[in-house]
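*Asks:* Pasting a structure below so you can have a look.
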Amino acid sequence: MQKLYANQLPAQLQQGLAPCYLLFGEEPLQKLEAIEQIRLAAKQQGYLERLSFSADAQFDWQDLQNELSAMSLFAERRLIELELAQNKLAAAANDALKQLAAQLHPDIILVVHGNRNHSEVSKLVWFKQLQNSAVQVPIYALDERQQRQWLQQRSQQLNLQLTSDALQLLQQHCAGNLLAARQELEKLCLTHPHERIDAEQFSRFLADHSSYTVFQLVDALLTGHSADALHRLTRLLDQDTEPVIIAWQLQKELLQLRQLSVAQQNGHTSAMFKQLAIWPKRQPLYLQAIKRLTLRWQDYLLQELAAFDRLYKAGKMSDPSLALAHLATLFCHPLSRTFSLQQHDD
């Protein structure tokens with residue numbers, strides 16, 4: 001039927017409700033707000049009863065079947081929500097889902113949602129059977145530019161006056177966590193209505209809710225933004241990411257960077273990007289790093305990473321987080337070698 005981004009859903013709902021909505025993706029706030037928008041539109045259009053089911057390992061699929069078939073002349077129109085709480089479904093669950101397309105009814109709006117990646121779930125048989133009657137809303141995590149735009153739009157909706165540096169601070173502290181960002185903005189709306197808020201005022205009560213992946217740390221390192229990189233590293237460690245995983249990813253990126261540096265000297269940069277399967281969108285990050293870090297410095301940093309690995313595995317490292325901060329700083333900018341992990345290794 002239709003495939004829409006989450007921000008396109010309100011316009012579709014104004015045109016009329018579809019028999020079914022399929023919402024899948026890993027970003028919880030956009031999915032929650034999309035479901036809330038469907039609920040409101042359904043209520044406004046006479047679907048006054050709402051039933052919610054969560055299909056976990058103990059779910060009785062017959063309960064859902066009974067509700068879908070319980071149609072009568074006098075029955076109220078209903079909104080039925082089905083959350084697929086497990087990413088991997090049992091055979092019985094898949095069989096039950098395959099029956100849904102035949103059970104759609106004008107008096108029912110069916111919403112099926114879950115946290116599984118949309119591209120994965122869209123390949124399943126039951127999903128393909130429903131999609132002809134459904135509006136698909138894939139929920140994607142926002143990149144940094146989209147997060148900034150989302151924060152600006154949400155601030156405007158709440159009539160908040162945030163300076164550019166306040167928005168930047170909010171984005172940094174709530175990166176990857178839109179739900180936390182919404183909560184902070186709503187609190188700010190209650191505590192500072194009609195005020196112009198700068199970063200200094202915002203920092204007095206702002207909690208750090210940011211959530212990063214190791215790959216987002218790598219992006220900051222490649223661009224040489226040391227303050228951003230150290231913030232992302234701290235949050236990763238706060239999230240109990242294993243130090244050895246972070247060090248392994250740094251080593252992997254450095255080895256790729258070294259290959260690219262050699263290829264650039266020989267005029268084969270494009271071929272090496274292709275060989276390493278680095279997408280065009282990410283290639284400028286590596287070019288920035290090559291320009292900033294010489295081959296000699298890259299080799300030194302690889303030696304430091306090897307020393308980290310030996311010390312960590314031998315249980316001789318008293319503060320892995322400090323050592324990783326040292327490595328991250330060296331990745332961002334060549335510095336004086338007054339401190340070296342190799343000295344401690346020796």
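Simple scheme: letters A, B, ... for chains in structure tokens order, numbers from 1 for residues in each chain, numbers from 1 for ligands in the order shown.
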DSSP on the backbone, strand (DSSP E or B) only: what residues of segment 57-238 of chain A does that give? Format it as a PyMOL selection string.
*Replies:* chain A and resi 78-84+108-114+134-139+161-162+196-197
*Asks:* List as a Markdown table every residue of segment 157-232 of chain A that is in contact with segment 10-26 of chain A, defined as an atom at most 12 Å from one of its atoms (using only C-alpha atoms), together with the nearest atom pair and the distance in Å rounded to one decimal, sorted by chain and then rising number.
*Replies:*
| residue | atom | partner | partner_atom | distance |
| --- | --- | --- | --- | --- |
| A:Gly176 | CA | A:Glu26 | CA | 10.8 |
| A:Asn177 | CA | A:Glu26 | CA | 11.1 |
| A:Leu178 | CA | A:Glu26 | CA | 11.7 |
*Asks:* Deliver the residues from the most recent selection as a file, using C-alpha atoms, as a CSV table (one decimal), in the first residue's frame.
*Replies:*
chain,number,residue,atom,x,y,z
A,176,GLY,CA,21.0,8.5,20.4
A,177,ASN,CA,18.2,8.8,23.0
A,178,LEU,CA,15.3,10.9,21.6
*Asks:* Taking 3 positions as the minimum chain separation for residues in the same chain, which residues sit within 9 Å of Leu100 of chain A when counting only C-alpha atoms? Answer as a ChimeraX atom specification.
*Replies:* /A:65,68,96-97,103-104,126,129-130
*Asks:* Keeping only all heavy atoms, write the selected residues as a PDB file, in the first residue's frame.
*Replies:*
ATOM      1  N   GLN A  65      -6.817 -14.259  17.969  1.00  0.00           N
ATOM      2  CA  GLN A  65      -7.733 -14.793  16.966  1.00  0.00           C
ATOM      3  C   GLN A  65      -9.186 -14.567  17.368  1.00  0.00           C
ATOM      4  O   GLN A  65     -10.031 -14.208  16.528  1.00  0.00           O
ATOM      5  CB  GLN A  65      -7.477 -16.300  16.754  1.00  0.00           C
ATOM      6  CG  GLN A  65      -6.075 -16.659  16.293  1.00  0.00           C
ATOM      7  CD  GLN A  65      -5.771 -16.121  14.920  1.00  0.00           C
ATOM      8  OE1 GLN A  65      -6.678 -15.905  14.117  1.00  0.00           O
ATOM      9  NE2 GLN A  65      -4.499 -15.887  14.641  1.00  0.00           N
ATOM     10  N   LEU A  68     -10.136 -10.903  16.764  1.00  0.00           N
ATOM     11  CA  LEU A  68     -10.240 -10.577  15.343  1.00  0.00           C
ATOM     12  C   LEU A  68     -11.515 -11.140  14.721  1.00  0.00           C
ATOM     13  O   LEU A  68     -12.061 -10.568  13.773  1.00  0.00           O
ATOM     14  CB  LEU A  68      -9.016 -11.120  14.590  1.00  0.00           C
ATOM     15  CG  LEU A  68      -7.693 -10.393  14.856  1.00  0.00           C
ATOM     16  CD1 LEU A  68      -6.529 -11.181  14.260  1.00  0.00           C
ATOM     17  CD2 LEU A  68      -7.725  -8.982  14.270  1.00  0.00           C
ATOM     18  N   ALA A  96       0.386 -18.130  12.988  1.00  0.00           N
ATOM     19  CA  ALA A  96      -0.722 -17.252  13.388  1.00  0.00           C
ATOM     20  C   ALA A  96      -0.655 -15.915  12.652  1.00  0.00           C
ATOM     21  O   ALA A  96      -1.680 -15.376  12.218  1.00  0.00           O
ATOM     22  CB  ALA A  96      -0.679 -17.029  14.901  1.00  0.00           C
ATOM     23  N   LEU A  97       0.533 -15.395  12.474  1.00  0.00           N
ATOM     24  CA  LEU A  97       0.706 -14.117  11.774  1.00  0.00           C
ATOM     25  C   LEU A  97       0.297 -14.222  10.306  1.00  0.00           C
ATOM     26  O   LEU A  97      -0.202 -13.263   9.721  1.00  0.00           O
ATOM     27  CB  LEU A  97       2.159 -13.646  11.894  1.00  0.00           C
ATOM     28  CG  LEU A  97       2.568 -13.129  13.285  1.00  0.00           C
ATOM     29  CD1 LEU A  97       4.089 -13.011  13.383  1.00  0.00           C
ATOM     30  CD2 LEU A  97       1.918 -11.784  13.569  1.00  0.00           C
ATOM     31  N   GLN A 103      -7.918 -11.882   7.979  1.00  0.00           N
ATOM     32  CA  GLN A 103      -8.825 -11.521   9.068  1.00  0.00           C
ATOM     33  C   GLN A 103      -9.042 -10.015   9.189  1.00  0.00           C
ATOM     34  O   GLN A 103      -9.749  -9.566  10.093  1.00  0.00           O
ATOM     35  CB  GLN A 103      -8.281 -12.076  10.388  1.00  0.00           C
ATOM     36  CG  GLN A 103      -8.285 -13.603  10.435  1.00  0.00           C
ATOM     37  CD  GLN A 103      -7.636 -14.126  11.710  1.00  0.00           C
ATOM     38  OE1 GLN A 103      -6.504 -13.773  12.016  1.00  0.00           O
ATOM     39  NE2 GLN A 103      -8.346 -14.970  12.430  1.00  0.00           N
ATOM     40  N   LEU A 104      -8.426  -9.233   8.315  1.00  0.00           N
ATOM     41  CA  LEU A 104      -8.665  -7.787   8.341  1.00  0.00           C
ATOM     42  C   LEU A 104     -10.130  -7.503   8.046  1.00  0.00           C
ATOM     43  O   LEU A 104     -10.747  -8.166   7.219  1.00  0.00           O
ATOM     44  CB  LEU A 104      -7.757  -7.090   7.327  1.00  0.00           C
ATOM     45  CG  LEU A 104      -6.256  -7.160   7.598  1.00  0.00           C
ATOM     46  CD1 LEU A 104      -5.484  -6.452   6.495  1.00  0.00           C
ATOM     47  CD2 LEU A 104      -5.913  -6.560   8.954  1.00  0.00           C
ATOM     48  N   TRP A 126       4.507 -13.469   6.367  1.00  0.00           N
ATOM     49  CA  TRP A 126       3.307 -12.820   6.923  1.00  0.00           C
ATOM     50  C   TRP A 126       3.329 -11.320   6.667  1.00  0.00           C
ATOM     51  O   TRP A 126       2.279 -10.702   6.445  1.00  0.00           O
ATOM     52  CB  TRP A 126       3.164 -13.127   8.409  1.00  0.00           C
ATOM     53  CG  TRP A 126       4.257 -12.577   9.289  1.00  0.00           C
ATOM     54  CD1 TRP A 126       5.369 -13.232   9.725  1.00  0.00           C
ATOM     55  CD2 TRP A 126       4.348 -11.246   9.823  1.00  0.00           C
ATOM     56  NE1 TRP A 126       6.149 -12.400  10.498  1.00  0.00           N
ATOM     57  CE2 TRP A 126       5.538 -11.172  10.584  1.00  0.00           C
ATOM     58  CE3 TRP A 126       3.524 -10.121   9.754  1.00  0.00           C
ATOM     59  CZ2 TRP A 126       5.941 -10.026  11.247  1.00  0.00           C
ATOM     60  CZ3 TRP A 126       3.913  -8.964  10.412  1.00  0.00           C
ATOM     61  CH2 TRP A 126       5.110  -8.925  11.146  1.00  0.00           C
ATOM     62  N   GLN A 129       2.304 -10.645   3.140  1.00  0.00           N
ATOM     63  CA  GLN A 129       0.866 -10.844   2.965  1.00  0.00           C
ATOM     64  C   GLN A 129       0.078  -9.621   3.435  1.00  0.00           C
ATOM     65  O   GLN A 129      -0.951  -9.269   2.844  1.00  0.00           O
ATOM     66  CB  GLN A 129       0.422 -12.087   3.748  1.00  0.00           C
ATOM     67  CG  GLN A 129       0.942 -13.397   3.165  1.00  0.00           C
ATOM     68  CD  GLN A 129       0.606 -14.588   4.043  1.00  0.00           C
ATOM     69  OE1 GLN A 129       0.389 -14.446   5.244  1.00  0.00           O
ATOM     70  NE2 GLN A 129       0.568 -15.777   3.454  1.00  0.00           N
ATOM     71  N   LEU A 130       0.555  -8.953   4.481  1.00  0.00           N
ATOM     72  CA  LEU A 130      -0.147  -7.801   5.031  1.00  0.00           C
ATOM     73  C   LEU A 130       0.133  -6.507   4.278  1.00  0.00           C
ATOM     74  O   LEU A 130      -0.687  -5.594   4.283  1.00  0.00           O
ATOM     75  CB  LEU A 130       0.239  -7.601   6.504  1.00  0.00           C
ATOM     76  CG  LEU A 130      -0.430  -8.509   7.537  1.00  0.00           C
ATOM     77  CD1 LEU A 130       0.250  -8.345   8.891  1.00  0.00           C
ATOM     78  CD2 LEU A 130      -1.919  -8.207   7.642  1.00  0.00           C
TER      79      LEU A 130
END
*Asks:* Could you list, as number ranges by chain, every residue within 12 Å of Ala220 of chain A, counting only C-alpha atoms and ignoring same-chain residues fewer than 5 positions away?
*Replies:* A: 144, 212-215, 225-233, 250, 282, 285-286, 288-289, 328-329, 331-333
*Asks:* Please write the residues from the selection above to a file, keeping N, CA and C atoms, as a CSV table (one decimal), in the first residue's frame.
*Replies:*
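Written file, out_8.csv:
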chain,number,residue,atom,x,y,z
A,144,GLU,N,23.3,12.6,13.0
A,144,GLU,CA,23.5,13.8,13.8
A,144,GLU,C,22.8,15.0,13.2
A,212,TYR,N,26.0,5.9,22.7
A,212,TYR,CA,26.8,5.9,21.5
A,212,TYR,C,27.2,4.4,21.2
A,213,THR,N,27.6,4.2,20.0
A,213,THR,CA,28.2,2.9,19.6
A,213,THR,C,29.7,3.1,19.4
A,214,VAL,N,30.4,2.1,19.3
A,214,VAL,CA,31.8,2.2,19.1
A,214,VAL,C,32.1,2.8,17.7
A,215,PHE,N,31.2,2.6,16.7
A,215,PHE,CA,31.4,3.2,15.4
A,215,PHE,C,31.2,4.7,15.5
A,225,HIS,N,38.0,15.4,16.4
A,225,HIS,CA,37.3,16.2,17.5
A,225,HIS,C,37.5,15.5,18.8
A,226,SER,N,38.6,15.9,19.5
A,226,SER,CA,39.0,15.2,20.7
A,226,SER,C,38.0,15.3,21.8
A,227,ALA,N,37.4,16.5,22.0
A,227,ALA,CA,36.4,16.7,23.1
A,227,ALA,C,35.2,15.8,22.9
A,228,ASP,N,34.7,15.7,21.7
A,228,ASP,CA,33.5,14.9,21.3
A,228,ASP,C,33.9,13.4,21.5
A,229,ALA,N,35.1,13.1,21.0
A,229,ALA,CA,35.6,11.7,21.1
A,229,ALA,C,35.7,11.2,22.6
A,230,LEU,N,36.2,12.1,23.4
A,230,LEU,CA,36.4,11.7,24.8
A,230,LEU,C,35.0,11.6,25.5
A,231,HIS,N,34.1,12.4,25.1
A,231,HIS,CA,32.7,12.3,25.7
A,231,HIS,C,32.1,11.0,25.3
A,232,ARG,N,32.2,10.7,24.0
A,232,ARG,CA,31.6,9.4,23.5
A,232,ARG,C,32.3,8.2,24.2
A,233,LEU,N,33.6,8.3,24.3
A,233,LEU,CA,34.3,7.2,25.0
A,233,LEU,C,33.9,7.0,26.4
A,250,LEU,N,39.6,0.4,17.4
A,250,LEU,CA,40.6,1.4,17.1
A,250,LEU,C,41.7,0.8,16.2
A,282,ARG,N,31.4,8.0,3.9
A,282,ARG,CA,32.4,8.0,5.0
A,282,ARG,C,33.8,8.3,4.5
A,285,LEU,N,35.9,11.3,6.0
A,285,LEU,CA,36.4,11.1,7.3
A,285,LEU,C,37.8,10.6,7.3
A,286,TYR,N,38.0,9.5,6.5
A,286,TYR,CA,39.3,8.9,6.4
A,286,TYR,C,40.3,9.9,5.8
A,288,GLN,N,40.3,13.1,6.0
A,288,GLN,CA,40.7,14.1,7.0
A,288,GLN,C,41.8,13.5,8.0
A,289,ALA,N,41.6,12.2,8.4
A,289,ALA,CA,42.5,11.6,9.3
A,289,ALA,C,43.9,11.4,8.6
A,328,ALA,N,42.7,7.6,22.5
A,328,ALA,CA,41.8,8.5,21.7
A,328,ALA,C,42.4,9.8,21.4
A,329,THR,N,43.1,10.4,22.4
A,329,THR,CA,43.7,11.7,22.2
A,329,THR,C,44.8,11.6,21.1
A,331,PHE,N,44.9,9.6,18.7
A,331,PHE,CA,44.2,9.3,17.4
A,331,PHE,C,43.8,10.7,16.8
A,332,CYS,N,43.4,11.6,17.7
A,332,CYS,CA,42.9,12.9,17.2
A,332,CYS,C,44.0,13.8,16.8
A,333,HIS,N,45.1,13.8,17.6
A,333,HIS,CA,46.2,14.8,17.2
A,333,HIS,C,47.5,14.2,17.7
*Asks:* Please determine, counting only C-alpha atoms, which residue among A:Ala263, A:Leu301, A:Leu217, A:Leu32 has the shortest atom-to-atom distance to Arg235 of chain A.
*Replies:*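 Nearest to Arg235 of chain A: A:Leu217.
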*Asks:* List as a PyMOL selection string the protein and nucleic acid residues near segment 49-63 of chain A, meaning an atom at most 10 Å away when only C-alpha atoms are counted, but skip any in the same chain fewer than 2 places from it.
*Replies:* chain A and resi 39+42-43+46-47+65-68+75-90+92-93+95-97+108-114
*Asks:* Which residue, A:Thr223, A:Gln44, A:Gln153, A:Gln2, has the smallest gap to Asn132 of chain A when you use only C-alpha atoms?
*Replies:*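 Nearest candidate to Asn132 of chain A out of A:Thr223, A:Gln44, A:Gln153, A:Gln2: A:Gln2.
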*Asks:* List the neighbours of Gln183 of chain A out to 12 Å using only C-alpha atoms; skip same-chain residues closer than 2 positions along the sequence, and give me the result as an MDAnalysis selection string.
*Replies:* chainID A and resid 29 151 154:155 158 170 174 177:181 185:190 206:207 209
